[in-house]
Each structure stands twice: as structure tokens, then as C-alpha cells.
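As provided, structure-v1.pdb (PDB, C-alpha atoms, pLDDT in the B column) reads as follows.
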ATOM      1  CA  MET Y1183      21.677  29.151  42.366  1.00 73.00           C
ATOM      2  CA  VAL Y1184      22.003  30.077  38.664  1.00 71.00           C
ATOM      3  CA  ARG Y1185      24.218  27.036  38.092  1.00 77.00           C
ATOM      4  CA  LYS Y1186      21.589  24.727  39.614  1.00 77.00           C
ATOM      5  CA  ILE Y1187      18.895  26.150  37.339  1.00 79.00           C
ATOM      6  CA  ALA Y1188      21.189  25.839  34.309  1.00 70.00           C
ATOM      7  CA  ARG Y1189      21.942  22.220  35.241  1.00 78.00           C
ATOM      8  CA  TRP Y1190      18.236  21.412  35.538  1.00 79.00           C
ATOM      9  CA  ILE Y1191      17.507  23.050  32.189  1.00 79.00           C
ATOM     10  CA  LEU Y1192      20.279  21.039  30.502  1.00 71.00           C
ATOM     11  CA  LEU Y1193      19.009  17.869  32.163  1.00 75.00           C
ATOM     12  CA  ILE Y1194      15.462  18.522  30.922  1.00 82.00           C
ATOM     13  CA  ILE Y1195      16.683  19.337  27.394  1.00 83.00           C
ATOM     14  CA  GLY Y1196      18.763  16.142  27.373  1.00 74.00           C
ATOM     15  CA  ALA Y1197      15.808  14.039  28.543  1.00 75.00           C
ATOM     16  CA  VAL Y1198      13.514  15.534  25.900  1.00 80.00           C
ATOM     17  CA  ALA Y1199      16.139  14.934  23.190  1.00 73.00           C
ATOM     18  CA  CYS Y1200      16.536  11.301  24.278  1.00 65.00           C
ATOM     19  CA  ALA Y1201      12.780  10.819  24.292  1.00 70.00           C
ATOM     20  CA  LEU Y1202      12.502  12.291  20.772  1.00 69.00           C
ATOM     21  CA  LEU Y1203      15.293  10.049  19.491  1.00 62.00           C
ATOM     22  CA  PHE Y1204      13.546   7.041  20.996  1.00 63.00           C
ATOM     23  CA  VAL Y1205      10.244   7.989  19.303  1.00 57.00           C
ATOM     24  CA  VAL Y1206      12.022   8.404  15.946  1.00 54.00           C
ATOM     25  CA  TYR Y1207      13.660   5.002  16.443  1.00 53.00           C
ATOM     26  CA  LEU Y1208      10.284   3.378  17.191  1.00 50.00           C
ATOM     27  CA  ILE Y1209       8.670   4.947  14.142  1.00 50.00           C
ATOM     28  CA  ALA Y1210      11.538   3.861  11.904  1.00 48.00           C
ATOM     29  CA  THR Y1211      11.654   0.283  13.158  1.00 45.00           C
ATOM     30  CA  LEU Y1212       7.956  -0.418  13.684  1.00 44.00           C
ATOM     31  CA  THR Y1213       6.700   0.757  10.306  1.00 48.00           C
ATOM     32  CA  PRO Y1214       4.187  -1.900   9.185  1.00 44.00           C
ATOM     33  CA  SER Y1215       5.604  -2.422   5.703  1.00 46.00           C
ATOM     34  CA  THR Y1216       9.269  -1.562   5.344  1.00 63.00           C
ATOM     35  CA  ARG Y1217      10.257  -4.336   2.940  1.00 75.00           C
ATOM     36  CA  HIS Y1218       8.726  -5.202  -0.373  1.00 84.00           C
ATOM     37  CA  LEU Y1219       8.017  -8.788  -1.278  1.00 87.00           C
ATOM     38  CA  SER Y1220      10.277 -10.017  -4.052  1.00 92.00           C
ATOM     39  CA  ASP Y1221       8.834 -10.493  -7.525  1.00 91.00           C
ATOM     40  CA  GLU Y1222       9.000 -14.251  -6.999  1.00 95.00           C
ATOM     41  CA  GLU Y1223       7.046 -13.991  -3.734  1.00 95.00           C
ATOM     42  CA  MET Y1224       4.457 -11.767  -5.433  1.00 95.00           C
ATOM     43  CA  LEU Y1225       4.149 -14.146  -8.390  1.00 95.00           C
ATOM     44  CA  THR Y1226       3.620 -17.079  -6.030  1.00 96.00           C
ATOM     45  CA  HIS Y1227       1.051 -15.081  -4.054  1.00 96.00           C
ATOM     46  CA  TYR Y1228      -0.789 -14.142  -7.251  1.00 96.00           C
ATOM     47  CA  HIS Y1229      -0.840 -17.704  -8.629  1.00 97.00           C
ATOM     48  CA  GLN Y1230      -2.052 -19.118  -5.312  1.00 97.00           C
ATOM     49  CA  ASN Y1231      -4.879 -16.545  -5.256  1.00 96.00           C
ATOM     50  CA  SER Y1232      -5.565 -15.834  -8.938  1.00 96.00           C
ATOM     51  CA  ALA Y1233      -9.302 -16.573  -8.624  1.00 96.00           C
ATOM     52  CA  GLU Y1234      -9.601 -14.019  -5.816  1.00 96.00           C
ATOM     53  CA  PHE Y1235      -7.541 -11.440  -7.741  1.00 96.00           C
ATOM     54  CA  ASN Y1236      -9.803 -11.871 -10.784  1.00 96.00           C
ATOM     55  CA  GLN Y1237     -12.936 -11.671  -8.638  1.00 94.00           C
ATOM     56  CA  LEU Y1238     -11.596  -8.484  -7.061  1.00 92.00           C
ATOM     57  CA  ALA Y1239     -10.838  -6.915 -10.464  1.00 92.00           C
ATOM     58  CA  GLU Y1240     -14.334  -7.756 -11.731  1.00 91.00           C
ATOM     59  CA  MET Y1241     -15.935  -6.260  -8.637  1.00 90.00           C
ATOM     60  CA  LEU Y1242     -13.851  -3.072  -8.768  1.00 88.00           C
ATOM     61  CA  LEU Y1243     -14.524  -2.566 -12.481  1.00 89.00           C
ATOM     62  CA  ALA Y1244     -18.271  -3.064 -12.014  1.00 86.00           C
ATOM     63  CA  GLU Y1245     -18.501  -0.840  -8.938  1.00 82.00           C
ATOM     64  CA  ASP Y1246     -20.680   2.232  -9.447  1.00 79.00           C
ATOM     65  CA  GLU Y1247     -21.155   3.440  -5.867  1.00 77.00           C
ATOM     66  CA  LEU Y1248     -17.955   2.766  -3.914  1.00 74.00           C
ATOM     67  CA  LEU Y1249     -14.864   4.817  -4.703  1.00 80.00           C
ATOM     68  CA  VAL Y1250     -12.105   3.846  -2.240  1.00 84.00           C
ATOM     69  CA  ILE Y1251     -11.689   0.668  -0.201  1.00 83.00           C
ATOM     70  CA  PHE Y1252      -9.882   0.986   3.153  1.00 83.00           C
ATOM     71  CA  PRO Y1253      -9.263  -2.586   4.373  1.00 84.00           C
ATOM     72  CA  ASP Y1254      -7.401  -1.566   7.542  1.00 82.00           C
ATOM     73  CA  GLU Y1255     -10.351   0.505   8.738  1.00 84.00           C
ATOM     74  CA  GLY Y1256     -12.992  -1.867   7.360  1.00 82.00           C
ATOM     75  CA  GLU Y1257     -14.580   0.978   5.436  1.00 83.00           C
ATOM     76  CA  CYS Y1258     -15.334   2.111   1.909  1.00 84.00           C
ATOM     77  CA  GLN Y1259     -15.756   5.659   0.680  1.00 85.00           C
ATOM     78  CA  LEU Y1260     -18.723   6.375  -1.557  1.00 80.00           C
ATOM     79  CA  LYS Y1261     -18.263   8.529  -4.653  1.00 76.00           C
ATOM     80  CA  GLU Y1262     -20.084  11.433  -3.004  1.00 75.00           C
ATOM     81  CA  GLY Y1263     -17.617  11.321  -0.107  1.00 75.00           C
ATOM     82  CA  ARG Y1264     -19.586   9.538   2.619  1.00 73.00           C
ATOM     83  CA  ILE Y1265     -17.969   6.626   4.436  1.00 75.00           C
ATOM     84  CA  ARG Y1266     -19.666   3.241   4.781  1.00 69.00           C
ATOM     85  CA  ASP Y1267     -18.502   0.523   7.091  1.00 66.00           C
ATOM     86  CA  THR Y1268     -18.822  -3.178   6.408  1.00 65.00           C
ATOM     87  CA  ALA Y1269     -21.850  -3.504   8.694  1.00 67.00           C
ATOM     88  CA  ILE Y1270     -23.881  -1.181   6.444  1.00 69.00           C
ATOM     89  CA  ASN Y1271     -22.731  -2.121   2.956  1.00 76.00           C
ATOM     90  CA  ARG Y1272     -22.480  -5.773   1.845  1.00 82.00           C
ATOM     91  CA  ARG Y1273     -20.313  -5.000  -1.234  1.00 83.00           C
ATOM     92  CA  CYS Y1274     -17.960  -3.021   0.973  1.00 83.00           C
ATOM     93  CA  ALA Y1275     -17.716  -5.987   3.357  1.00 87.00           C
ATOM     94  CA  THR Y1276     -16.922  -8.369   0.486  1.00 90.00           C
ATOM     95  CA  LEU Y1277     -14.268  -6.043  -0.946  1.00 88.00           C
ATOM     96  CA  VAL Y1278     -12.683  -5.418   2.461  1.00 89.00           C
ATOM     97  CA  ASP Y1279     -12.540  -9.183   3.083  1.00 92.00           C
ATOM     98  CA  LEU Y1280     -10.873  -9.779  -0.310  1.00 92.00           C
ATOM     99  CA  PHE Y1281      -8.354  -6.983   0.274  1.00 92.00           C
ATOM    100  CA  ARG Y1282      -7.474  -8.362   3.694  1.00 93.00           C
ATOM    101  CA  GLN Y1283      -7.239 -11.940   2.414  1.00 93.00           C
ATOM    102  CA  LEU Y1284      -4.884 -10.828  -0.367  1.00 94.00           C
ATOM    103  CA  GLY Y1285      -2.810  -8.536   1.887  1.00 91.00           C
ATOM    104  CA  LEU Y1286      -3.585  -5.434  -0.156  1.00 90.00           C
ATOM    105  CA  ASN Y1287      -3.719  -1.795   0.926  1.00 84.00           C
ATOM    106  CA  ARG Y1288      -6.412   0.654  -0.088  1.00 79.00           C
ATOM    107  CA  ALA Y1289      -7.413   1.085  -3.704  1.00 83.00           C
ATOM    108  CA  TYR Y1290      -9.847   2.920  -5.926  1.00 79.00           C
ATOM    109  CA  ALA Y1291     -12.746   1.218  -7.679  1.00 76.00           C
ATOM    110  CA  GLY Y1292     -13.720   2.123 -11.199  1.00 77.00           C
ATOM    111  CA  PRO Y1293     -12.260   1.993 -14.676  1.00 82.00           C
ATOM    112  CA  GLU Y1294      -8.889   0.537 -15.594  1.00 86.00           C
ATOM    113  CA  PRO Y1295      -6.113   0.642 -14.720  1.00 90.00           C
ATOM    114  CA  ILE Y1296      -6.634  -0.754 -11.238  1.00 91.00           C
ATOM    115  CA  ARG Y1297      -3.652  -0.340  -8.927  1.00 90.00           C
ATOM    116  CA  LEU Y1298      -3.550  -2.601  -5.892  1.00 92.00           C
ATOM    117  CA  PRO Y1299      -0.689  -1.492  -3.617  1.00 90.00           C
ATOM    118  CA  MET Y1300       0.739  -4.232  -1.447  1.00 89.00           C
ATOM    119  CA  SER Y1301       3.671  -2.555   0.291  1.00 86.00           C
ATOM    120  CA  PHE Y1302       5.303   0.799   0.902  1.00 81.00           C
ATOM    121  CA  ALA Y1303       8.985   1.206   1.736  1.00 80.00           C
ATOM    122  CA  GLY Y1304      11.056   4.207   2.705  1.00 74.00           C
ATOM    123  CA  LEU Y1305       9.746   7.673   3.342  1.00 69.00           C
ATOM    124  CA  ALA Y1306       6.700   9.204   1.683  1.00 59.00           C
ATOM    125  CA  VAL Y1307       8.958  11.645  -0.192  1.00 63.00           C
ATOM    126  CA  SER Y1308      11.696   9.200  -1.168  1.00 70.00           C
ATOM    127  CA  GLY Y1309      10.303   5.697  -0.966  1.00 78.00           C
ATOM    128  CA  SER Y1310       8.576   3.233  -3.231  1.00 83.00           C
ATOM    129  CA  THR Y1311       5.333   1.323  -3.617  1.00 87.00           C
ATOM    130  CA  LYS Y1312       4.983  -2.189  -4.960  1.00 91.00           C
ATOM    131  CA  GLY Y1313       1.818  -4.010  -5.873  1.00 93.00           C
ATOM    132  CA  TYR Y1314      -0.398  -5.443  -8.590  1.00 95.00           C
ATOM    133  CA  LEU Y1315      -1.768  -3.684 -11.655  1.00 94.00           C
ATOM    134  CA  PHE Y1316      -4.779  -4.786 -13.702  1.00 95.00           C
ATOM    135  CA  THR Y1317      -4.991  -3.176 -17.141  1.00 95.00           C
ATOM    136  CA  SER Y1318      -5.955  -4.000 -20.735  1.00 93.00           C
ATOM    137  CA  THR Y1319      -3.238  -1.702 -22.058  1.00 93.00           C
ATOM    138  CA  PRO Y1320       0.233  -3.165 -21.526  1.00 91.00           C
ATOM    139  CA  PRO Y1321       2.308  -0.627 -19.588  1.00 92.00           C
ATOM    140  CA  GLU Y1322       5.578   0.815 -20.798  1.00 86.00           C
ATOM    141  CA  LYS Y1323       8.850  -0.094 -19.113  1.00 83.00           C
ATOM    142  CA  LEU Y1324       8.187  -3.821 -18.899  1.00 90.00           C
ATOM    143  CA  VAL Y1325      11.091  -5.576 -17.245  1.00 90.00           C
ATOM    144  CA  SER Y1326      11.900  -9.149 -16.333  1.00 91.00           C
ATOM    145  CA  ASP Y1327      12.393  -8.319 -12.634  1.00 88.00           C
ATOM    146  CA  THR Y1328      11.231  -5.187 -10.778  1.00 87.00           C
ATOM    147  CA  ASP Y1329      13.573  -6.114  -7.917  1.00 84.00           C
ATOM    148  CA  GLU Y1330      16.417  -4.926 -10.145  1.00 83.00           C
ATOM    149  CA  TRP Y1331      14.979  -1.415  -9.975  1.00 73.00           C
ATOM    150  CA  ASP Y1332      17.721   1.184 -10.143  1.00 72.00           C
ATOM    151  CA  GLY Y1333      15.561   3.949  -8.680  1.00 65.00           C
ATOM    152  CA  GLN Y1334      16.019   6.087 -11.779  1.00 72.00           C
ATOM    153  CA  SER Y1335      12.702   5.245 -13.434  1.00 76.00           C
ATOM    154  CA  ASP Y1336       9.495   6.335 -11.754  1.00 85.00           C
ATOM    155  CA  PHE Y1337       7.656   3.121 -12.717  1.00 87.00           C
ATOM    156  CA  LEU Y1338       8.617  -0.445 -13.600  1.00 90.00           C
ATOM    157  CA  TYR Y1339       6.257  -3.247 -14.573  1.00 93.00           C
ATOM    158  CA  ARG Y1340       6.552  -7.005 -14.873  1.00 95.00           C
ATOM    159  CA  ALA Y1341       3.978  -9.109 -16.685  1.00 95.00           C
ATOM    160  CA  ILE Y1342       2.274 -11.854 -14.689  1.00 97.00           C
ATOM    161  CA  GLU Y1343      -0.457 -13.188 -16.983  1.00 96.00           C
ATOM    162  CA  GLY Y1344      -3.299 -11.758 -19.009  1.00 96.00           C
ATOM    163  CA  LYS Y1345      -4.067  -8.250 -17.770  1.00 96.00           C
ATOM    164  CA  TRP Y1346      -2.086  -8.626 -14.535  1.00 97.00           C
ATOM    165  CA  TYR Y1347       1.288  -6.995 -13.794  1.00 97.00           C
ATOM    166  CA  ILE Y1348       3.550  -6.287 -10.855  1.00 95.00           C
ATOM    167  CA  PHE Y1349       4.290  -2.593 -10.479  1.00 93.00           C
ATOM    168  CA  HIS Y1350       7.123  -0.909  -8.594  1.00 90.00           C
ATOM    169  CA  GLU Y1351       6.978   2.879  -8.406  1.00 87.00           C
ATOM    170  CA  LYS Y1352       8.931   5.672  -6.844  1.00 79.00           C
ATOM    171  CA  THR Y1353       6.905   7.746  -4.362  1.00 73.00           C
TER     172      THR Y1353
END
Turn this file's structure into C-alpha cells for me.
Amino acid sequence: MVRKIARWILLIIGAVACALLFVVYLIATLTPSTRHLSDEEMLTHYHQNSAEFNQLAEMLLAEDELLVIFPDEGECQLKEGRIRDTAINRRCATLVDLFRQLGLNRAYAGPEPIRLPMSFAGLAVSGSTKGYLFTSTPPEKLVSDTDEWDGQSDFLYRAIEGKWYIFHEKT
């Protein structure tokens, strides 16, 4: 009788372990953004959409009410913390549409520099973020290709044109 109970316990533990491994596998393989676009792909994307990028920068710099834009949720956070969806706030709707059109993740409105993350790779504690940066002050660590990132520097930047840069940062 004790052997039967022990067998059942081992069977249950084995099934739970297999289920957990399967969940970990799904999380690891179905992460929405596990690969960064190359610098060349990002440059092409920027040049094909430069008018929209510039419109977005102007809107974010001029924004005095909205703080964070969440394109996936179709919402914007106001500076006092309340959330507005696109049905309530026309500026939020316009910003969310631009973010979605450009394939960007959430970002903060307000003064420069404006960071527009496009992709996240790896784990939150040991991964990286890559996106676009809009700033009047040229960043340090300008390189000719952020794809050659050695992982040693926390930030790398590549000039695009004017105030626009590609950034690649360690998270």
C-alpha cells in the first residue's frame, strides 16, 4: 500500500515538473520580441517613416498632459496618474496610432531626450533594449554599428540624421 502511494506521488511530481518545463519553454519561445532589428533594418524603417518619426517627436515634446503612451493597451497615462483610453482622448489616440504604425513600445512624453524602444531581447535582468533616440545633445559612445555591441558598455548610439539616433542598451 505504501509503495502504491509513493508511486502515485512520484507520478504527480513528475507530471507537475513536465508541465512546468513546458510552460518555461512556451514563455521562452513565444516572447513577442526576442530579436532586435539590425541597424540597417532600423535605418531603412526610419527613412521610410521619417515624417511620422518627426511628427511623433514634435507631439511628445509639446505634450503637457500625457505622460506615458501604452500602444499595446491603447492607453495613455496622464501626469497625475489617471489612465485615458483612445476613445476619451484624441491626442492619446493619435499618439497610440503613430506608435503602432512605427512598431514602437511605450514611451514617455515631455522634454528631451525622447527614448522610443522598439525591441527587448533576453531577460529583464540580463537583456538589452534597442530603439530610437531623439535628442539635441549628441550622446556619448557613438559607434558606426550598434550590432557590434560587445555587451560591456551599458549604452551605444549610432547617428541617423539630425537629432535622431539608434540606441542599444543593456537592461
So how far away is CA of Glu1351 (chain Y) from CA of Ala1303 (chain Y), in Å?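 Interatomic distance, CA of Ala1303 (chain Y) to CA of Glu1351 (chain Y): 10.5 Å.
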Could you state the separation of CA of Thr1319 (chain Y) and CA of Lys1261 (chain Y) in Å, given to one decimal place?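 Computing it gives 25.2 Å between the two atoms.
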I need the residue set behind the PyMOL selection byres ((chain Y and resi 1219) around 12) for this file; please write it as a PyMOL selection string. chain Y and resi 1215-1218+1220-1228+1285+1299-1303+1311-1314+1328-1329+1348-1350
Enumerate, as a ChimeraX atom specification, the residues matched when the PyMOL selection byres ((chain Y and resi 1236-1246) around 10) is run on the file above. /Y:1228,1231-1235,1247-1251,1260-1261,1273,1276-1277,1280-1281,1284,1289-1298,1315-1317,1345-1346
At what distance in Å, to one decimal, does CA of Tyr1339 (chain Y) lie from CA of Glu1322 (chain Y)?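 Answer for the CA of Glu1322 (chain Y) to CA of Tyr1339 (chain Y) separation: 7.5 Å.
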Can you tell me which residues surround Val1325 (chain Y) at a distance of at most 9 Å, considering only C-alpha atoms, apart from same-chain residues fewer than 5 positions away, and format the answer as a PDB file with C-alpha atoms, keeping the file's coordinate frame?
ATOM      1  CA  GLU Y1330      16.417  -4.926 -10.145  1.00 83.00           C
ATOM      2  CA  LEU Y1338       8.617  -0.445 -13.600  1.00 90.00           C
ATOM      3  CA  TYR Y1339       6.257  -3.247 -14.573  1.00 93.00           C
ATOM      4  CA  ARG Y1340       6.552  -7.005 -14.873  1.00 95.00           C
ATOM      5  CA  ALA Y1341       3.978  -9.109 -16.685  1.00 95.00           C
TER       6      ALA Y1341
END
Here is a test: counting only C-alpha atoms, which residue of Y:Asn1271, Y:Arg1288, Y:Trp1331, Y:Lys1352 is nearest to Glu1255 (chain Y)?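 Closest to Glu1255 (chain Y) of all the choices is Y:Arg1288.
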Which is closest to Arg1282 (chain Y) among Y:Phe1252, Y:Cys1258, Y:Ala1201, Y:Gly1304, if we use all atoms listed in the file? Y:Phe1252
Would you compute an axis-aligned box for region 1248-1258 of chain Y, covering every atom listed for it in the file with 6 Å of margin on each side, and report centre and edge lengths in Å to one decimal as lines of an AutoDock Vina configuration file?
center_x = -12.7
center_y = 1.1
center_z = 2.0
size_x = 22.6
size_y = 19.4
size_z = 25.4
